[in-house]
Each structure stands twice: as structure tokens, then as C-alpha cells.
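The data block below is model-v4.csv; it holds CSV, N, CA and C atoms and all ligand atoms.
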chain,number,residue,atom,x,y,z
A,1,MET,N,-32.9,0.6,-40.9
A,1,MET,CA,-34.2,0.3,-40.1
A,1,MET,C,-35.4,1.0,-40.8
A,2,GLN,N,-36.5,0.3,-40.9
A,2,GLN,CA,-37.7,0.9,-41.4
A,2,GLN,C,-38.9,0.3,-40.6
A,3,ASP,N,-40.0,1.0,-40.7
A,3,ASP,CA,-41.2,0.5,-40.1
A,3,ASP,C,-41.6,-0.9,-40.6
A,4,GLU,N,-42.0,-1.7,-39.6
A,4,GLU,CA,-42.4,-3.1,-40.0
A,4,GLU,C,-43.8,-3.3,-39.7
A,5,ILE,N,-44.5,-4.1,-40.5
A,5,ILE,CA,-45.9,-4.5,-40.1
A,5,ILE,C,-45.8,-5.9,-39.5
A,6,LEU,N,-46.3,-6.0,-38.3
A,6,LEU,CA,-46.3,-7.3,-37.6
A,6,LEU,C,-47.8,-7.7,-37.3
A,7,TYR,N,-47.9,-9.0,-36.9
A,7,TYR,CA,-49.3,-9.5,-36.6
A,7,TYR,C,-49.3,-10.0,-35.2
A,8,CYS,N,-50.3,-9.6,-34.5
A,8,CYS,CA,-50.4,-9.9,-33.1
A,8,CYS,C,-50.7,-11.4,-32.9
A,9,ALA,N,-49.9,-12.0,-32.0
A,9,ALA,CA,-50.0,-13.4,-31.7
A,9,ALA,C,-51.3,-13.7,-31.0
A,10,ARG,N,-51.9,-12.8,-30.4
A,10,ARG,CA,-53.2,-13.0,-29.6
A,10,ARG,C,-54.4,-12.8,-30.4
A,11,CYS,N,-54.5,-11.5,-31.0
A,11,CYS,CA,-55.8,-11.2,-31.6
A,11,CYS,C,-55.6,-11.1,-33.2
A,12,GLY,N,-54.4,-11.3,-33.7
A,12,GLY,CA,-54.2,-11.4,-35.1
A,12,GLY,C,-54.2,-10.1,-35.9
A,13,ILE,N,-54.5,-9.0,-35.3
A,13,ILE,CA,-54.5,-7.7,-36.0
A,13,ILE,C,-53.1,-7.3,-36.4
A,14,SER,N,-53.0,-6.5,-37.5
A,14,SER,CA,-51.6,-6.1,-37.8
A,14,SER,C,-51.4,-4.8,-37.1
A,15,PHE,N,-50.1,-4.6,-36.8
A,15,PHE,CA,-49.7,-3.3,-36.1
A,15,PHE,C,-48.3,-2.9,-36.6
A,16,LEU,N,-48.0,-1.7,-36.4
A,16,LEU,CA,-46.8,-1.1,-36.9
A,16,LEU,C,-45.7,-1.2,-35.8
A,17,TRP,N,-44.6,-1.7,-36.2
A,17,TRP,CA,-43.4,-1.6,-35.3
A,17,TRP,C,-42.5,-0.5,-35.9
A,18,THR,N,-42.6,0.7,-35.3
A,18,THR,CA,-42.0,1.8,-35.9
A,18,THR,C,-40.5,1.9,-35.7
A,19,GLN,N,-39.8,2.6,-36.6
A,19,GLN,CA,-38.4,2.8,-36.4
A,19,GLN,C,-38.0,3.3,-35.0
A,20,GLU,N,-38.9,4.2,-34.6
A,20,GLU,CA,-38.7,4.8,-33.2
A,20,GLU,C,-38.7,3.7,-32.2
A,21,GLU,N,-39.7,2.8,-32.2
A,21,GLU,CA,-39.8,1.7,-31.2
A,21,GLU,C,-38.6,0.7,-31.4
A,22,GLN,N,-38.2,0.6,-32.6
A,22,GLN,CA,-37.0,-0.3,-32.9
A,22,GLN,C,-35.8,0.2,-32.2
A,23,LYS,N,-35.6,1.5,-32.4
A,23,LYS,CA,-34.4,2.2,-31.8
A,23,LYS,C,-34.4,2.0,-30.2
A,24,VAL,N,-35.6,2.2,-29.7
A,24,VAL,CA,-35.8,2.0,-28.2
A,24,VAL,C,-35.4,0.6,-27.8
A,25,ALA,N,-35.9,-0.4,-28.6
A,25,ALA,CA,-35.6,-1.8,-28.3
A,25,ALA,C,-34.1,-2.1,-28.3
A,26,VAL,N,-33.4,-1.5,-29.3
A,26,VAL,CA,-32.0,-1.7,-29.4
A,26,VAL,C,-31.3,-1.1,-28.2
A,27,ARG,N,-31.7,0.1,-27.9
A,27,ARG,CA,-31.1,0.8,-26.8
A,27,ARG,C,-31.2,0.0,-25.5
A,28,HIS,N,-32.3,-0.7,-25.3
A,28,HIS,CA,-32.5,-1.6,-24.1
A,28,HIS,C,-32.0,-3.0,-24.4
A,29,GLN,N,-31.3,-3.2,-25.5
A,29,GLN,CA,-30.8,-4.5,-25.8
A,29,GLN,C,-31.8,-5.6,-25.8
A,30,LEU,N,-33.0,-5.2,-26.3
A,30,LEU,CA,-34.0,-6.3,-26.5
A,30,LEU,C,-33.9,-6.9,-27.9
A,31,THR,N,-33.9,-8.2,-28.0
A,31,THR,CA,-33.8,-8.8,-29.3
A,31,THR,C,-35.2,-9.3,-29.7
A,32,GLY,N,-35.4,-9.2,-31.0
A,32,GLY,CA,-36.7,-9.7,-31.5
A,32,GLY,C,-37.8,-8.7,-31.5
A,33,ALA,N,-38.7,-8.9,-32.4
A,33,ALA,CA,-39.8,-7.9,-32.6
A,33,ALA,C,-40.9,-8.3,-31.5
A,34,PRO,N,-41.7,-7.3,-31.2
A,34,PRO,CA,-42.8,-7.5,-30.2
A,34,PRO,C,-43.8,-8.6,-30.8
A,35,THR,N,-44.3,-9.4,-30.0
A,35,THR,CA,-45.2,-10.5,-30.5
A,35,THR,C,-46.7,-10.1,-30.4
A,36,HIS,N,-47.0,-9.0,-29.6
A,36,HIS,CA,-48.4,-8.6,-29.4
A,36,HIS,C,-48.6,-7.2,-29.7
A,37,CYS,N,-49.8,-6.9,-30.2
A,37,CYS,CA,-50.2,-5.5,-30.5
A,37,CYS,C,-50.2,-4.7,-29.2
A,38,PRO,N,-50.1,-3.3,-29.3
A,38,PRO,CA,-50.1,-2.5,-28.1
A,38,PRO,C,-51.2,-2.8,-27.2
A,39,GLY,N,-52.4,-3.0,-27.7
A,39,GLY,CA,-53.6,-3.2,-26.9
A,39,GLY,C,-53.5,-4.5,-26.1
A,40,CYS,N,-53.0,-5.6,-26.7
A,40,CYS,CA,-52.9,-6.8,-26.0
A,40,CYS,C,-51.7,-6.8,-25.0
A,41,ARG,N,-50.7,-6.0,-25.4
A,41,ARG,CA,-49.6,-5.9,-24.4
A,41,ARG,C,-50.1,-5.3,-23.1
A,42,ARG,N,-50.9,-4.3,-23.3
A,42,ARG,CA,-51.5,-3.7,-22.0
A,42,ARG,C,-52.3,-4.6,-21.2
A,43,LEU,N,-53.1,-5.4,-21.9
A,43,LEU,CA,-54.0,-6.4,-21.2
A,43,LEU,C,-53.1,-7.5,-20.5
A,44,LEU,N,-52.1,-7.9,-21.2
A,44,LEU,CA,-51.3,-9.0,-20.7
A,44,LEU,C,-50.3,-8.6,-19.6
A,45,SER,N,-50.0,-7.3,-19.5
A,45,SER,CA,-49.0,-7.0,-18.5
A,45,SER,C,-49.7,-7.1,-17.1
A,46,PRO,N,-48.9,-7.7,-16.2
A,46,PRO,CA,-49.5,-8.0,-14.9
A,46,PRO,C,-49.9,-6.7,-14.2
A,47,ALA,N,-51.0,-6.8,-13.4
A,47,ALA,CA,-51.5,-5.6,-12.8
A,47,ALA,C,-50.4,-4.7,-12.2
A,48,GLY,N,-49.5,-5.3,-11.6
A,48,GLY,CA,-48.3,-4.6,-11.1
A,48,GLY,C,-48.6,-3.6,-10.0
A,49,ARG,N,-47.7,-3.5,-9.0
A,49,ARG,CA,-48.0,-2.6,-7.9
A,49,ARG,C,-47.3,-1.3,-8.2
A,50,GLU,N,-47.9,-0.3,-7.7
A,50,GLU,CA,-47.3,1.1,-7.8
A,50,GLU,C,-46.8,1.6,-6.5
A,51,ARG,N,-46.0,2.6,-6.6
A,51,ARG,CA,-45.5,3.2,-5.4
A,51,ARG,C,-45.9,4.6,-5.3
A,52,GLY,N,-46.1,5.1,-4.1
A,52,GLY,CA,-46.4,6.5,-4.0
A,52,GLY,C,-46.2,7.0,-2.6
A,53,GLN,N,-46.5,8.3,-2.3
A,53,GLN,CA,-46.2,8.8,-1.0
A,53,GLN,C,-47.5,9.4,-0.5
A,54,VAL,N,-47.8,9.1,0.8
A,54,VAL,CA,-49.0,9.6,1.4
A,54,VAL,C,-49.0,11.1,1.5
A,55,LYS,N,-50.1,11.7,0.9
A,55,LYS,CA,-50.2,13.1,1.0
A,55,LYS,C,-50.9,13.5,2.3
A,56,TRP,N,-52.0,12.9,2.6
A,56,TRP,CA,-52.6,13.0,3.9
A,56,TRP,C,-53.5,11.9,4.1
A,57,TYR,N,-53.8,11.6,5.4
A,57,TYR,CA,-54.7,10.5,5.7
A,57,TYR,C,-55.4,11.0,7.0
A,58,ASP,N,-56.7,11.0,7.0
A,58,ASP,CA,-57.5,11.4,8.1
A,58,ASP,C,-58.1,10.1,8.8
A,59,PRO,N,-57.6,9.8,10.0
A,59,PRO,CA,-58.0,8.6,10.7
A,59,PRO,C,-59.5,8.6,11.1
A,60,ARG,N,-60.0,9.8,11.3
A,60,ARG,CA,-61.4,10.0,11.7
A,60,ARG,C,-62.3,9.7,10.5
A,61,LYS,N,-62.0,10.3,9.4
A,61,LYS,CA,-62.8,10.1,8.1
A,61,LYS,C,-62.4,8.7,7.5
A,62,GLN,N,-61.3,8.2,7.9
A,62,GLN,CA,-60.8,6.9,7.4
A,62,GLN,C,-60.5,6.9,5.9
A,63,TYR,N,-60.0,8.0,5.4
A,63,TYR,CA,-59.5,8.0,4.0
A,63,TYR,C,-58.5,9.1,3.9
A,64,GLY,N,-57.8,9.0,2.7
A,64,GLY,CA,-56.8,10.0,2.4
A,64,GLY,C,-56.4,9.9,1.0
A,65,PHE,N,-55.2,10.5,0.7
A,65,PHE,CA,-54.8,10.5,-0.7
A,65,PHE,C,-53.3,10.2,-0.8
A,66,ILE,N,-52.9,9.5,-1.9
A,66,ILE,CA,-51.5,9.1,-2.1
A,66,ILE,C,-51.1,9.9,-3.4
A,67,VAL,N,-49.9,10.4,-3.3
A,67,VAL,CA,-49.3,11.1,-4.5
A,67,VAL,C,-48.5,10.1,-5.3
A,68,ARG,N,-48.8,10.1,-6.6
A,68,ARG,CA,-48.1,9.2,-7.6
A,68,ARG,C,-47.3,10.1,-8.5
A,69,THR,N,-46.2,9.6,-9.0
A,69,THR,CA,-45.5,10.3,-10.0
A,69,THR,C,-46.1,10.0,-11.4
A,70,GLY,N,-46.4,11.1,-12.1
A,70,GLY,CA,-46.9,10.9,-13.4
A,70,GLY,C,-48.4,10.6,-13.5
A,71,HIS,N,-49.1,10.5,-12.4
A,71,HIS,CA,-50.5,10.3,-12.4
A,71,HIS,C,-51.1,11.2,-11.3
A,72,PRO,N,-52.5,11.4,-11.4
A,72,PRO,CA,-53.1,12.1,-10.4
A,72,PRO,C,-53.1,11.4,-9.0
A,73,ASP,N,-53.2,12.2,-8.0
A,73,ASP,CA,-53.3,11.6,-6.6
A,73,ASP,C,-54.4,10.5,-6.6
A,74,ILE,N,-54.2,9.5,-5.8
A,74,ILE,CA,-55.1,8.5,-5.7
A,74,ILE,C,-55.8,8.3,-4.4
A,75,TYR,N,-57.0,8.0,-4.3
A,75,TYR,CA,-57.8,7.9,-3.1
A,75,TYR,C,-57.5,6.6,-2.4
A,76,VAL,N,-57.4,6.7,-1.1
A,76,VAL,CA,-57.2,5.5,-0.3
A,76,VAL,C,-58.1,5.4,0.8
A,77,HIS,N,-58.8,4.3,1.0
A,77,HIS,CA,-59.8,4.1,2.1
A,77,HIS,C,-59.2,3.1,3.1
A,78,ARG,N,-59.6,3.3,4.3
A,78,ARG,CA,-59.1,2.4,5.3
A,78,ARG,C,-59.2,0.9,5.0
A,79,SER,N,-60.2,0.5,4.2
A,79,SER,CA,-60.4,-0.9,3.8
A,79,SER,C,-59.3,-1.3,2.9
A,80,GLY,N,-58.5,-0.4,2.3
A,80,GLY,CA,-57.4,-0.8,1.4
A,80,GLY,C,-56.1,-1.0,2.1
A,81,LEU,N,-56.1,-0.7,3.4
A,81,LEU,CA,-54.8,-0.9,4.2
A,81,LEU,C,-54.7,-2.3,4.6
A,82,VAL,N,-53.6,-2.9,4.3
A,82,VAL,CA,-53.4,-4.3,4.5
A,82,VAL,C,-53.3,-4.7,6.0
A,83,ASP,N,-52.3,-4.0,6.6
A,83,ASP,CA,-52.0,-4.5,8.0
A,83,ASP,C,-52.6,-3.6,9.1
A,84,GLY,N,-53.6,-2.8,8.7
A,84,GLY,CA,-54.3,-2.1,9.7
A,84,GLY,C,-53.5,-0.9,10.3
A,85,HIS,N,-52.3,-0.6,9.7
A,85,HIS,CA,-51.6,0.5,10.2
A,85,HIS,C,-52.2,1.8,9.6
A,86,LEU,N,-52.2,2.8,10.3
A,86,LEU,CA,-52.7,4.1,9.8
A,86,LEU,C,-51.6,4.8,9.0
A,87,LEU,N,-52.0,5.4,8.0
A,87,LEU,CA,-51.0,6.1,7.1
A,87,LEU,C,-50.8,7.5,7.7
A,88,ARG,N,-49.5,7.9,7.5
A,88,ARG,CA,-49.2,9.3,7.9
A,88,ARG,C,-48.6,10.0,6.7
A,89,PRO,N,-48.7,11.3,6.6
A,89,PRO,CA,-48.1,12.0,5.5
A,89,PRO,C,-46.6,11.7,5.4
A,90,GLY,N,-46.2,11.5,4.1
A,90,GLY,CA,-44.8,11.2,3.9
A,90,GLY,C,-44.4,9.7,3.8
A,91,ASP,N,-45.4,8.9,4.3
A,91,ASP,CA,-45.1,7.4,4.2
A,91,ASP,C,-44.9,7.0,2.8
A,92,LEU,N,-43.9,6.2,2.5
A,92,LEU,CA,-43.8,5.6,1.2
A,92,LEU,C,-44.6,4.3,1.2
A,93,VAL,N,-45.5,4.2,0.2
A,93,VAL,CA,-46.4,3.0,0.2
A,93,VAL,C,-46.4,2.3,-1.2
A,94,GLU,N,-46.7,1.0,-1.1
A,94,GLU,CA,-46.9,0.3,-2.4
A,94,GLU,C,-48.3,-0.2,-2.4
A,95,PHE,N,-48.9,-0.2,-3.6
A,95,PHE,CA,-50.4,-0.5,-3.6
A,95,PHE,C,-50.8,-1.0,-5.0
A,96,GLU,N,-52.0,-1.5,-5.1
A,96,GLU,CA,-52.6,-1.8,-6.4
A,96,GLU,C,-53.6,-0.8,-6.7
A,97,VAL,N,-53.8,-0.5,-7.9
A,97,VAL,CA,-54.8,0.4,-8.3
A,97,VAL,C,-56.1,-0.3,-8.7
A,98,ILE,N,-57.2,0.0,-8.1
A,98,ILE,CA,-58.4,-0.7,-8.5
A,98,ILE,C,-59.4,0.4,-8.9
A,99,THR,N,-60.4,-0.1,-9.6
A,99,THR,CA,-61.5,0.9,-10.0
A,99,THR,C,-62.7,0.6,-9.1
A,100,THR,N,-63.2,1.6,-8.5
A,100,THR,CA,-64.4,1.5,-7.7
A,100,THR,C,-65.5,2.4,-8.3
A,101,GLU,N,-66.7,2.3,-7.7
A,101,GLU,CA,-67.8,3.1,-8.3
A,101,GLU,C,-67.5,4.6,-8.1
A,102,ARG,N,-66.5,5.0,-7.3
A,102,ARG,CA,-66.2,6.4,-7.1
A,102,ARG,C,-64.9,6.8,-7.9
A,103,GLY,N,-64.4,5.8,-8.6
A,103,GLY,CA,-63.2,6.1,-9.4
A,103,GLY,C,-62.0,5.2,-8.9
A,104,LEU,N,-60.8,5.7,-9.2
A,104,LEU,CA,-59.7,4.8,-8.9
A,104,LEU,C,-59.4,4.9,-7.4
A,105,ALA,N,-58.9,3.8,-6.9
A,105,ALA,CA,-58.5,3.8,-5.5
A,105,ALA,C,-57.3,2.9,-5.3
A,106,ALA,N,-56.6,3.1,-4.2
A,106,ALA,CA,-55.5,2.3,-3.9
A,106,ALA,C,-56.0,1.1,-3.0
A,107,ASP,N,-55.5,-0.1,-3.3
A,107,ASP,CA,-55.9,-1.3,-2.6
A,107,ASP,C,-54.6,-2.0,-2.1
A,108,LEU,N,-54.8,-2.9,-1.1
A,108,LEU,CA,-53.7,-3.7,-0.6
A,108,LEU,C,-52.4,-2.8,-0.4
A,109,VAL,N,-52.7,-1.7,0.3
A,109,VAL,CA,-51.7,-0.7,0.6
A,109,VAL,C,-50.7,-1.2,1.7
A,110,GLN,N,-49.4,-1.2,1.4
A,110,GLN,CA,-48.4,-1.5,2.4
A,110,GLN,C,-47.4,-0.4,2.5
A,111,ILE,N,-47.0,-0.2,3.8
A,111,ILE,CA,-46.1,0.9,4.0
A,111,ILE,C,-44.7,0.3,3.8
A,112,ILE,N,-43.9,1.0,2.9
A,112,ILE,CA,-42.5,0.5,2.7
A,112,ILE,C,-41.6,1.2,3.6
A,113,ALA,N,-41.8,2.5,3.8
A,113,ALA,CA,-40.9,3.3,4.7
A,113,ALA,C,-41.6,4.5,5.2
A,114,SER,N,-41.3,4.8,6.5
A,114,SER,CA,-41.9,5.9,7.1
A,114,SER,C,-40.9,6.9,7.4
A,115,PRO,N,-41.1,8.2,7.2
A,115,PRO,CA,-40.1,9.2,7.7
A,115,PRO,C,-40.2,9.3,9.2
A,116,PRO,N,-39.2,9.8,9.8
A,116,PRO,CA,-39.3,9.9,11.3
A,116,PRO,C,-40.4,10.8,11.7
A,117,HIS,N,-41.2,10.4,12.7
A,117,HIS,CA,-42.3,11.3,13.1
A,117,HIS,C,-42.0,12.0,14.3
A,201,ZN,ZN,-53.6,-8.0,-30.1
Can the structure in the file be given as C-alpha cells, please?
Ligand SMILES: [Zn+2]
Amino acid sequence: MQDEILYCARCGISFLWTQEEQKVAVRHQLTGAPTHCPGCRRLLSPAGRERGQVKWYDPRKQYGFIVRTGHPDIYVHRSGLVDGHLLRPGDLVEFEVITTERGLAADLVQIIASPPH
């Protein structure tokens, strides 16, 4: 195995497919080289929903925070709650990350599971 130079199918720039990445691909039983550069891969990947756990939510202030693994806590406003349910600490939620003028926020928040209250 050695580093390979590949060309992105979308933007045409060359990028390196490193030995390290090739090993990872083998380990995950992926066949074939990547067709897109890292930048385009990021753009093309679907927005995807994330999961997290409610840290706290203040019904009076109408906002709170969700803890994510590997990322900073994320702000959630009442307008981001899909079904109008209020969040409680410990709720497992699924959401989309959006960028607002105040920074990142959780949107389309759905409760997956609630601990016994
Ligand atoms: Zn590209």
C-alpha cells in the first residue's frame, strides 16, 4: 500500500488517499477509492440528525441546552421543538444542527426517550 493521488469527481482537484485512510477502508471492508475530495465529501454528506441528552430546559425562559458527545453543548429554543413537548433534563433527543445569528442551535428536536420522572 502507498499514498495515492486521486482526482475529485465534483471539483476536479487532486487529493491524497493516504495509506492510513486505505487501511481504514480495508478494515471497514469498503472497496474502491473515494471519488470525492474531503471538502466535497463534507458538503455532499446529508445534514444528518444528531442525538444528545437534555442538560436543562427552562420552560419560563423557553430555552435550554443539549449535551452532545464530542461537541460543545448546543442551544435549544422552544421554536425548535417539533411536537410542542417540553424538554426535561435527561431526555434523549434527536435534532438537526442549524446556524442562527447567535450561533449553533438544535432544530426539529424530537424526544426519543425520557427517563422516569
Ligand atoms: Zn472536490
Q. Quick one: residues within 6.5 Å of segment 102-115 of chain A, only N, CA and C atoms counted, chain neighbours fewer than 6 positions away excluded, as a PyMOL selection string?
A. chain A and resi 74-77+79-83+90-96
Q: Step by step, measure atom-to-atom distances between ligand ZN 201 (chain A) and each residue using only N, CA and C atoms and all ligand atoms, keep those at most 7 Å, then write them as a list in words.
A: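 My answer, listing the contacting residues, is Tyr7, Cys8, Ala9, Arg10, Cys11, Gly12, Ile13, His36, Cys37, Pro38, Gly39, Cys40 and Arg41 of chain A.
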Q) Just how far from atom CA of Gly70 of chain A is atom CA of His85 of chain A, in Å to one decimal? A)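 Separation of atom CA of His85 of chain A and atom CA of Gly70 of chain A: 26.2 Å.
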Q: Calculate how many Å separate atom N of Gly32 of chain A from atom N of Arg51 of chain A, rounding to one decimal.
A: 29.1 Å
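Backbone DSSP over segment 5-111 of chain A yields alpha helix (DSSP H) at Gln19, Glu20, Glu21, Gln22, Lys23, Val24, Ala25, Val26, Arg27, Pro38, Gly39, Cys40, Arg41, Arg42, Leu43 and Leu44 of chain A.
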Output file for the residues above (N, CA and C atoms, as a PDB file, in the frame of the given file):
ATOM      1  N   GLN A  19     -39.800   2.600 -36.600  1.00  0.00           N
ATOM      2  CA  GLN A  19     -38.400   2.800 -36.400  1.00  0.00           C
ATOM      3  C   GLN A  19     -38.000   3.300 -35.000  1.00  0.00           C
ATOM      4  N   GLU A  20     -38.900   4.200 -34.600  1.00  0.00           N
ATOM      5  CA  GLU A  20     -38.700   4.800 -33.200  1.00  0.00           C
ATOM      6  C   GLU A  20     -38.700   3.700 -32.200  1.00  0.00           C
ATOM      7  N   GLU A  21     -39.700   2.800 -32.200  1.00  0.00           N
ATOM      8  CA  GLU A  21     -39.800   1.700 -31.200  1.00  0.00           C
ATOM      9  C   GLU A  21     -38.600   0.700 -31.400  1.00  0.00           C
ATOM     10  N   GLN A  22     -38.200   0.600 -32.600  1.00  0.00           N
ATOM     11  CA  GLN A  22     -37.000  -0.300 -32.900  1.00  0.00           C
ATOM     12  C   GLN A  22     -35.800   0.200 -32.200  1.00  0.00           C
ATOM     13  N   LYS A  23     -35.600   1.500 -32.400  1.00  0.00           N
ATOM     14  CA  LYS A  23     -34.400   2.200 -31.800  1.00  0.00           C
ATOM     15  C   LYS A  23     -34.400   2.000 -30.200  1.00  0.00           C
ATOM     16  N   VAL A  24     -35.600   2.200 -29.700  1.00  0.00           N
ATOM     17  CA  VAL A  24     -35.800   2.000 -28.200  1.00  0.00           C
ATOM     18  C   VAL A  24     -35.400   0.600 -27.800  1.00  0.00           C
ATOM     19  N   ALA A  25     -35.900  -0.400 -28.600  1.00  0.00           N
ATOM     20  CA  ALA A  25     -35.600  -1.800 -28.300  1.00  0.00           C
ATOM     21  C   ALA A  25     -34.100  -2.100 -28.300  1.00  0.00           C
ATOM     22  N   VAL A  26     -33.400  -1.500 -29.300  1.00  0.00           N
ATOM     23  CA  VAL A  26     -32.000  -1.700 -29.400  1.00  0.00           C
ATOM     24  C   VAL A  26     -31.300  -1.100 -28.200  1.00  0.00           C
ATOM     25  N   ARG A  27     -31.700   0.100 -27.900  1.00  0.00           N
ATOM     26  CA  ARG A  27     -31.100   0.800 -26.800  1.00  0.00           C
ATOM     27  C   ARG A  27     -31.200   0.000 -25.500  1.00  0.00           C
ATOM     28  N   PRO A  38     -50.100  -3.300 -29.300  1.00  0.00           N
ATOM     29  CA  PRO A  38     -50.100  -2.500 -28.100  1.00  0.00           C
ATOM     30  C   PRO A  38     -51.200  -2.800 -27.200  1.00  0.00           C
ATOM     31  N   GLY A  39     -52.400  -3.000 -27.700  1.00  0.00           N
ATOM     32  CA  GLY A  39     -53.600  -3.200 -26.900  1.00  0.00           C
ATOM     33  C   GLY A  39     -53.500  -4.500 -26.100  1.00  0.00           C
ATOM     34  N   CYS A  40     -53.000  -5.600 -26.700  1.00  0.00           N
ATOM     35  CA  CYS A  40     -52.900  -6.800 -26.000  1.00  0.00           C
ATOM     36  C   CYS A  40     -51.700  -6.800 -25.000  1.00  0.00           C
ATOM     37  N   ARG A  41     -50.700  -6.000 -25.400  1.00  0.00           N
ATOM     38  CA  ARG A  41     -49.600  -5.900 -24.400  1.00  0.00           C
ATOM     39  C   ARG A  41     -50.100  -5.300 -23.100  1.00  0.00           C
ATOM     40  N   ARG A  42     -50.900  -4.300 -23.300  1.00  0.00           N
ATOM     41  CA  ARG A  42     -51.500  -3.700 -22.000  1.00  0.00           C
ATOM     42  C   ARG A  42     -52.300  -4.600 -21.200  1.00  0.00           C
ATOM     43  N   LEU A  43     -53.100  -5.400 -21.900  1.00  0.00           N
ATOM     44  CA  LEU A  43     -54.000  -6.400 -21.200  1.00  0.00           C
ATOM     45  C   LEU A  43     -53.100  -7.500 -20.500  1.00  0.00           C
ATOM     46  N   LEU A  44     -52.100  -7.900 -21.200  1.00  0.00           N
ATOM     47  CA  LEU A  44     -51.300  -9.000 -20.700  1.00  0.00           C
ATOM     48  C   LEU A  44     -50.300  -8.600 -19.600  1.00  0.00           C
TER      49      LEU A  44
END
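Counting from atom N of Leu16 of chain A, the distance to atom N of Ile98 of chain A is 29.8 Å.
Of the residues listed (A:Arg88, A:Glu4, A:Lys23, A:Ser14), A:Arg88 shows the shortest atom-to-atom separation from Trp56 of chain A; distances use only N, CA and C atoms.
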Q: Please run DSSP on the backbone and report, as a ChimeraX atom specification, all residues within segment 6-92 of chain A that come out as strand (DSSP E or B).
A: /A:6-7,14-17,50-58,63-68,71-77,81,92
Can you fill out segment 3-9 of chain A with all heavy atoms and hand it back as a PDB file, keeping the file's coordinate frame?
ATOM      1  N   ASP A   3     -40.000   1.000 -40.700  1.00  0.00           N
ATOM      2  CA  ASP A   3     -41.200   0.500 -40.100  1.00  0.00           C
ATOM      3  C   ASP A   3     -41.600  -0.900 -40.600  1.00  0.00           C
ATOM      4  O   ASP A   3     -41.449  -1.148 -41.734  1.00  0.00           O
ATOM      5  CB  ASP A   3     -42.418   1.465 -40.373  1.00  0.00           C
ATOM      6  CG  ASP A   3     -42.254   2.828 -39.706  1.00  0.00           C
ATOM      7  OD1 ASP A   3     -41.248   3.023 -39.004  1.00  0.00           O
ATOM      8  OD2 ASP A   3     -43.133   3.683 -39.897  1.00  0.00           O
ATOM      9  N   GLU A   4     -42.000  -1.700 -39.600  1.00  0.00           N
ATOM     10  CA  GLU A   4     -42.400  -3.100 -40.000  1.00  0.00           C
ATOM     11  C   GLU A   4     -43.800  -3.300 -39.700  1.00  0.00           C
ATOM     12  O   GLU A   4     -44.275  -2.873 -38.615  1.00  0.00           O
ATOM     13  CB  GLU A   4     -41.479  -4.087 -39.313  1.00  0.00           C
ATOM     14  CG  GLU A   4     -40.118  -4.275 -39.938  1.00  0.00           C
ATOM     15  CD  GLU A   4     -39.341  -5.369 -39.228  1.00  0.00           C
ATOM     16  OE1 GLU A   4     -39.895  -6.459 -39.015  1.00  0.00           O
ATOM     17  OE2 GLU A   4     -38.187  -5.108 -38.868  1.00  0.00           O
ATOM     18  N   ILE A   5     -44.500  -4.100 -40.500  1.00  0.00           N
ATOM     19  CA  ILE A   5     -45.900  -4.500 -40.100  1.00  0.00           C
ATOM     20  C   ILE A   5     -45.800  -5.900 -39.500  1.00  0.00           C
ATOM     21  O   ILE A   5     -45.249  -6.819 -40.077  1.00  0.00           O
ATOM     22  CB  ILE A   5     -46.793  -4.507 -41.369  1.00  0.00           C
ATOM     23  CG1 ILE A   5     -46.973  -3.065 -41.838  1.00  0.00           C
ATOM     24  CG2 ILE A   5     -48.143  -5.132 -41.014  1.00  0.00           C
ATOM     25  CD1 ILE A   5     -47.746  -2.933 -43.125  1.00  0.00           C
ATOM     26  N   LEU A   6     -46.300  -6.000 -38.300  1.00  0.00           N
ATOM     27  CA  LEU A   6     -46.300  -7.300 -37.600  1.00  0.00           C
ATOM     28  C   LEU A   6     -47.800  -7.700 -37.300  1.00  0.00           C
ATOM     29  O   LEU A   6     -48.682  -6.889 -37.396  1.00  0.00           O
ATOM     30  CB  LEU A   6     -45.562  -7.086 -36.252  1.00  0.00           C
ATOM     31  CG  LEU A   6     -44.117  -6.583 -36.363  1.00  0.00           C
ATOM     32  CD1 LEU A   6     -43.573  -6.283 -34.980  1.00  0.00           C
ATOM     33  CD2 LEU A   6     -43.248  -7.604 -37.068  1.00  0.00           C
ATOM     34  N   TYR A   7     -47.900  -9.000 -36.900  1.00  0.00           N
ATOM     35  CA  TYR A   7     -49.300  -9.500 -36.600  1.00  0.00           C
ATOM     36  C   TYR A   7     -49.300 -10.000 -35.200  1.00  0.00           C
ATOM     37  O   TYR A   7     -48.377 -10.691 -34.736  1.00  0.00           O
ATOM     38  CB  TYR A   7     -49.644 -10.584 -37.596  1.00  0.00           C
ATOM     39  CG  TYR A   7     -49.806 -10.039 -38.994  1.00  0.00           C
ATOM     40  CD1 TYR A   7     -48.719  -9.998 -39.866  1.00  0.00           C
ATOM     41  CD2 TYR A   7     -51.023  -9.503 -39.410  1.00  0.00           C
ATOM     42  CE1 TYR A   7     -48.844  -9.455 -41.137  1.00  0.00           C
ATOM     43  CE2 TYR A   7     -51.163  -8.955 -40.668  1.00  0.00           C
ATOM     44  CZ  TYR A   7     -50.072  -8.924 -41.534  1.00  0.00           C
ATOM     45  OH  TYR A   7     -50.199  -8.364 -42.773  1.00  0.00           O
ATOM     46  N   CYS A   8     -50.300  -9.600 -34.500  1.00  0.00           N
ATOM     47  CA  CYS A   8     -50.400  -9.900 -33.100  1.00  0.00           C
ATOM     48  C   CYS A   8     -50.700 -11.400 -32.900  1.00  0.00           C
ATOM     49  O   CYS A   8     -51.540 -11.980 -33.493  1.00  0.00           O
ATOM     50  CB  CYS A   8     -51.564  -9.095 -32.433  1.00  0.00           C
ATOM     51  SG  CYS A   8     -51.836  -9.486 -30.709  1.00  0.00           S
ATOM     52  N   ALA A   9     -49.900 -12.000 -32.000  1.00  0.00           N
ATOM     53  CA  ALA A   9     -50.000 -13.400 -31.700  1.00  0.00           C
ATOM     54  C   ALA A   9     -51.300 -13.700 -31.000  1.00  0.00           C
ATOM     55  O   ALA A   9     -51.751 -14.896 -30.914  1.00  0.00           O
ATOM     56  CB  ALA A   9     -48.830 -13.900 -30.858  1.00  0.00           C
TER      57      ALA A   9
END
